[in-house]
Amino acid sequence: MGCGCSVLRSAAGEIAVAQLVASDYPGLEWLASMAALVDARGQVQYANPALENGLGISRRQLMRQDLGRWLDCPEVWHDALAQVRSNEFSSKRFDCLMRLRDLRDAMQVQVIVGRTDHPEGLLLVEVVEISQQARLEREEQWQHQVQANKELIRNLAHEIKNPLGGIRGAAQLLHAELPSLELQEYTQVIIAEADRLQTLVDRLLAPHRKPHVVGDVNIHEVCEHVRTLLLAEFPQGLVIEQDYDASLPEFRGDKEQLIQAVLNIAHNAAQALQQRIAQGDAHIVLRTRVARQITVARQRYKLALVLHIVDNGPGVPAELKDRIFFPLISGREGGSGLGLTLAQTFVQHHQGTIECDSQPGQTDFRITIPLP
């Protein structure tokens, strides 16, 4: 509350309500939580970018609107305004459901109403997603788990690689000495399996070996490249919808790594859609959006790109939801369990994150990458 109130004083102390602009409230502009200044009736006189982004409505449209119209508890809302306005409480907080953009269901939030020293008696309202802290803690836990897994896999791969070369070499020598073709079939199996394991080890080590090649990246070129590859492999029964935000700028990154990351996720989606592809109603959406004032890996960024890869498949099995990014975990028969692990590694090279929301009929992989 302190960071909001301290920015409410003007030099003259007489800012007219109709003249409230973003430059008057730099502290509120940078708040991670949604915040607004409202009058005694709850009508918005100022909205910060987080609230603007969360509701999906420009601050110009929010002006003079009752903030309570997006809450499912209008009586509690107006009671809180009256109690704080009459100095019964210096601040009042309550839990409520709030309707945010792009969400089918309302989101559980905590609303905090507090007094300010604004000459017009405006009240400061903060809206905090109750799930936000849990999401940050889960993200941090994932980061630690991913780092531990990467070290384990890298060390294990190195330990396997050396004796594997010896096994293959010995099998080749034995193959040359065996007189019987029937016996040579066994050595061929050993050589073939050693080669398969070698390929697996190389894939495990690939993200650590390949240099990070930085250049200008257009995320829509990445999406179009992936779309072309998928439609070449699945020409019938699969529709890939493009829902792009043309305002997204280019950024510095490794284009090849990002293509591989998006392709791994989208290809997994296509494989999960095999039954729907056969029926002719498989659907994947590639959706890009700009996110403002967003926190990624506990770092605050003014702008970020968000890429959604959404499919209408059966969803991620419940028992795998918490482990899908772990190495060698696959929900598909014959899958290596490395596609999502590599995708996550490549996105993390760009200081980004991957999250997954899945239910039967809709799976949404969300890649978030900060923009400069």
# chains A, B, ... in the order shown; residues from 1 in each chain; ligands from 1
call {"tool": "select_by_dssp", "arguments": {"residues": "segment 72-290 of chain A", "states": "strand (DSSP E)", "output": "number ranges by chain"}}
result
A: 91-98, 107-114, 123-129, 215-217, 238-243, 251-253, 282-290
call {"tool": "residues_around", "arguments": {"residues": "Leu307 of chain A", "least_positions_apart": "6", "cutoff": "9 Å", "atoms": "only C-alpha atoms", "output": "list in words"}}
result
Ile219, Leu286, Arg287, Thr288, Arg289, Val290, Phe365, Arg366, Ile367, Thr368 and Ile369 of chain A
call {"tool": "residues_around", "arguments": {"residues": "Asp364 of chain A", "least_positions_apart": "2", "cutoff": "12 Å", "atoms": "only C-alpha atoms", "output": "list of chain:residue names"}}
result
A:Ile265, A:Ala266, A:Ala269, A:Ile284, A:Val285, A:Leu286, A:Arg287, A:Val306, A:Leu307, A:His308, A:Ile309, A:Val310, A:Asp311, A:Asn312, A:Gly313, A:Pro314, A:Gly315, A:Val316, A:Ile354, A:Glu355, A:Cys356, A:Asp357, A:Ser358, A:Gln359, A:Pro360, A:Gly361, A:Gln362, A:Arg366, A:Ile367
call {"tool": "write_last_selection", "arguments": {"atoms": "C-alpha atoms", "output": "PDB file, in the first residue's frame"}}
result
ATOM      1  CA  ILE A 265       5.508 -28.861 -28.663  1.00  0.00           C
ATOM      2  CA  ALA A 266       3.395 -28.572 -31.816  1.00  0.00           C
ATOM      3  CA  ALA A 269       0.171 -31.923 -30.137  1.00  0.00           C
ATOM      4  CA  ILE A 284      -4.099 -26.503 -33.487  1.00  0.00           C
ATOM      5  CA  VAL A 285      -3.954 -22.758 -32.808  1.00  0.00           C
ATOM      6  CA  LEU A 286      -0.731 -20.754 -32.866  1.00  0.00           C
ATOM      7  CA  ARG A 287      -1.586 -17.567 -30.964  1.00  0.00           C
ATOM      8  CA  VAL A 306       3.338 -14.964 -25.115  1.00  0.00           C
ATOM      9  CA  LEU A 307       2.972 -17.796 -27.617  1.00  0.00           C
ATOM     10  CA  HIS A 308       0.070 -20.195 -27.094  1.00  0.00           C
ATOM     11  CA  ILE A 309       0.095 -23.593 -28.801  1.00  0.00           C
ATOM     12  CA  VAL A 310      -3.428 -24.899 -28.280  1.00  0.00           C
ATOM     13  CA  ASP A 311      -4.870 -28.203 -29.490  1.00  0.00           C
ATOM     14  CA  ASN A 312      -8.237 -29.923 -29.159  1.00  0.00           C
ATOM     15  CA  GLY A 313      -6.785 -33.322 -28.276  1.00  0.00           C
ATOM     16  CA  PRO A 314      -7.464 -35.609 -25.316  1.00  0.00           C
ATOM     17  CA  GLY A 315      -5.252 -33.634 -22.924  1.00  0.00           C
ATOM     18  CA  VAL A 316      -2.230 -34.535 -20.851  1.00  0.00           C
ATOM     19  CA  ILE A 354       6.860 -22.818 -20.630  1.00  0.00           C
ATOM     20  CA  GLU A 355       3.618 -23.598 -18.801  1.00  0.00           C
ATOM     21  CA  CYS A 356       0.885 -26.065 -19.617  1.00  0.00           C
ATOM     22  CA  ASP A 357      -2.845 -25.966 -18.886  1.00  0.00           C
ATOM     23  CA  SER A 358      -4.590 -29.119 -20.013  1.00  0.00           C
ATOM     24  CA  GLN A 359      -8.006 -30.665 -19.878  1.00  0.00           C
ATOM     25  CA  PRO A 360      -9.821 -33.040 -22.233  1.00  0.00           C
ATOM     26  CA  GLY A 361     -10.558 -31.159 -25.442  1.00  0.00           C
ATOM     27  CA  GLN A 362      -8.061 -28.342 -24.876  1.00  0.00           C
ATOM     28  CA  ARG A 366       2.200 -21.200 -23.162  1.00  0.00           C
ATOM     29  CA  ILE A 367       5.707 -19.924 -23.979  1.00  0.00           C
TER      30      ILE A 367
END
call {"tool": "atom_distance", "arguments": {"atom1": "atom CA of Leu258 of chain A", "atom2": "atom CA of His225 of chain A"}}
result
10.7 Å
call {"tool": "residues_around", "arguments": {"residues": "Trp77 of chain A", "least_positions_apart": "2", "cutoff": "10 Å", "atoms": "only C-alpha atoms", "output": "PyMOL selection string"}}
result
chain A and resi 41-42+67-69+71-75+79-82+92-94+96+111-113
call {"tool": "select_by_dssp", "arguments": {"residues": "segment 217-327 of chain A", "states": "helix (DSSP H, G or I)", "output": "count of residues only"}}
result
42
call {"tool": "residues_around", "arguments": {"residues": "segment 251-256 of chain A", "least_positions_apart": "3", "cutoff": "10 Å", "atoms": "only C-alpha atoms", "output": "PyMOL selection string"}}
result
chain A and resi 211-219+221-222+248+259-261+305+346-347+349-350+369-372
call {"tool": "write_last_selection", "arguments": {"atoms": "N, CA and C atoms", "output": "short mmCIF file (atom, residue, chain, number, x, y, z; two decimals), in the first residue's frame"}}
result
data_model
loop_
_atom_site.label_atom_id
_atom_site.label_comp_id
_atom_site.auth_asym_id
_atom_site.auth_seq_id
_atom_site.Cartn_x
_atom_site.Cartn_y
_atom_site.Cartn_z
N PRO A 211 26.21 -24.21 -29.74
CA PRO A 211 26.37 -22.81 -29.33
C PRO A 211 25.07 -22.03 -29.50
N HIS A 212 24.91 -21.00 -28.67
CA HIS A 212 23.72 -20.14 -28.71
C HIS A 212 23.97 -19.05 -29.75
N VAL A 213 23.34 -19.16 -30.93
CA VAL A 213 23.56 -18.24 -32.04
C VAL A 213 22.49 -17.15 -31.97
N VAL A 214 22.91 -15.93 -31.65
CA VAL A 214 21.96 -14.84 -31.41
C VAL A 214 21.83 -13.97 -32.65
N GLY A 215 20.59 -13.67 -33.00
CA GLY A 215 20.29 -12.78 -34.12
C GLY A 215 18.90 -12.21 -33.94
N ASP A 216 18.43 -11.43 -34.90
CA ASP A 216 17.08 -10.88 -34.85
C ASP A 216 16.07 -11.98 -35.16
N VAL A 217 15.06 -12.09 -34.31
CA VAL A 217 14.05 -13.15 -34.45
C VAL A 217 12.67 -12.53 -34.57
N ASN A 218 11.92 -12.96 -35.56
CA ASN A 218 10.50 -12.63 -35.68
C ASN A 218 9.73 -13.88 -35.30
N ILE A 219 8.98 -13.83 -34.21
CA ILE A 219 8.32 -15.02 -33.69
C ILE A 219 7.31 -15.58 -34.70
N GLU A 221 7.70 -15.64 -37.99
CA GLU A 221 8.45 -16.45 -38.94
C GLU A 221 8.73 -17.83 -38.35
N VAL A 222 9.02 -17.87 -37.06
CA VAL A 222 9.21 -19.15 -36.37
C VAL A 222 7.92 -19.98 -36.46
N LEU A 248 3.78 -7.32 -32.24
CA LEU A 248 4.95 -7.89 -31.57
C LEU A 248 6.23 -7.51 -32.31
N ILE A 259 12.70 -22.39 -33.12
CA ILE A 259 11.96 -23.25 -34.06
C ILE A 259 11.87 -24.66 -33.50
N GLN A 260 12.98 -25.18 -32.98
CA GLN A 260 12.97 -26.53 -32.44
C GLN A 260 12.05 -26.64 -31.24
N ALA A 261 12.06 -25.62 -30.37
CA ALA A 261 11.20 -25.64 -29.18
C ALA A 261 9.72 -25.66 -29.57
N LEU A 305 6.57 -11.47 -24.90
CA LEU A 305 5.70 -12.13 -25.88
C LEU A 305 5.19 -13.42 -25.28
N PHE A 346 15.63 -24.82 -24.39
CA PHE A 346 15.85 -23.77 -25.38
C PHE A 346 15.12 -22.48 -24.99
N VAL A 347 13.93 -22.60 -24.44
CA VAL A 347 13.19 -21.40 -24.01
C VAL A 347 13.90 -20.74 -22.82
N HIS A 349 17.01 -20.69 -22.36
CA HIS A 349 18.15 -19.95 -22.91
C HIS A 349 17.76 -18.51 -23.26
N HIS A 350 16.46 -18.26 -23.43
CA HIS A 350 15.95 -16.93 -23.75
C HIS A 350 15.28 -16.28 -22.53
N ILE A 369 8.39 -15.21 -23.26
CA ILE A 369 9.76 -14.76 -23.43
C ILE A 369 9.80 -13.24 -23.25
N PRO A 370 10.63 -12.74 -22.32
CA PRO A 370 10.72 -11.29 -22.10
C PRO A 370 11.25 -10.58 -23.35
N LEU A 371 10.74 -9.36 -23.56
CA LEU A 371 11.19 -8.51 -24.65
C LEU A 371 11.98 -7.33 -24.08
N PRO A 372 12.97 -6.83 -24.82
CA PRO A 372 13.76 -5.71 -24.30
C PRO A 372 12.91 -4.43 -24.23
#
call {"tool": "atom_distance", "arguments": {"atom1": "atom CA of Ile191 of chain A", "atom2": "atom CA of Ile167 of chain A"}}
result
8.1 Å
call {"tool": "closest_residue", "arguments": {"among": "A:Gln65, A:Pro49, A:Val125, A:Ile190", "to": "Val84 of chain A", "atoms": "only C-alpha atoms"}}
result
A:Val125
call {"tool": "atom_distance", "arguments": {"atom1": "atom CA of Pro317 of chain A", "atom2": "atom CA of Leu238 of chain A"}}
result
21.9 Å
call {"tool": "closest_residue", "arguments": {"among": "A:Met98, A:Ala32, A:Leu174, A:Val76", "to": "Leu55 of chain A", "atoms": "only C-alpha atoms"}}
result
A:Met98
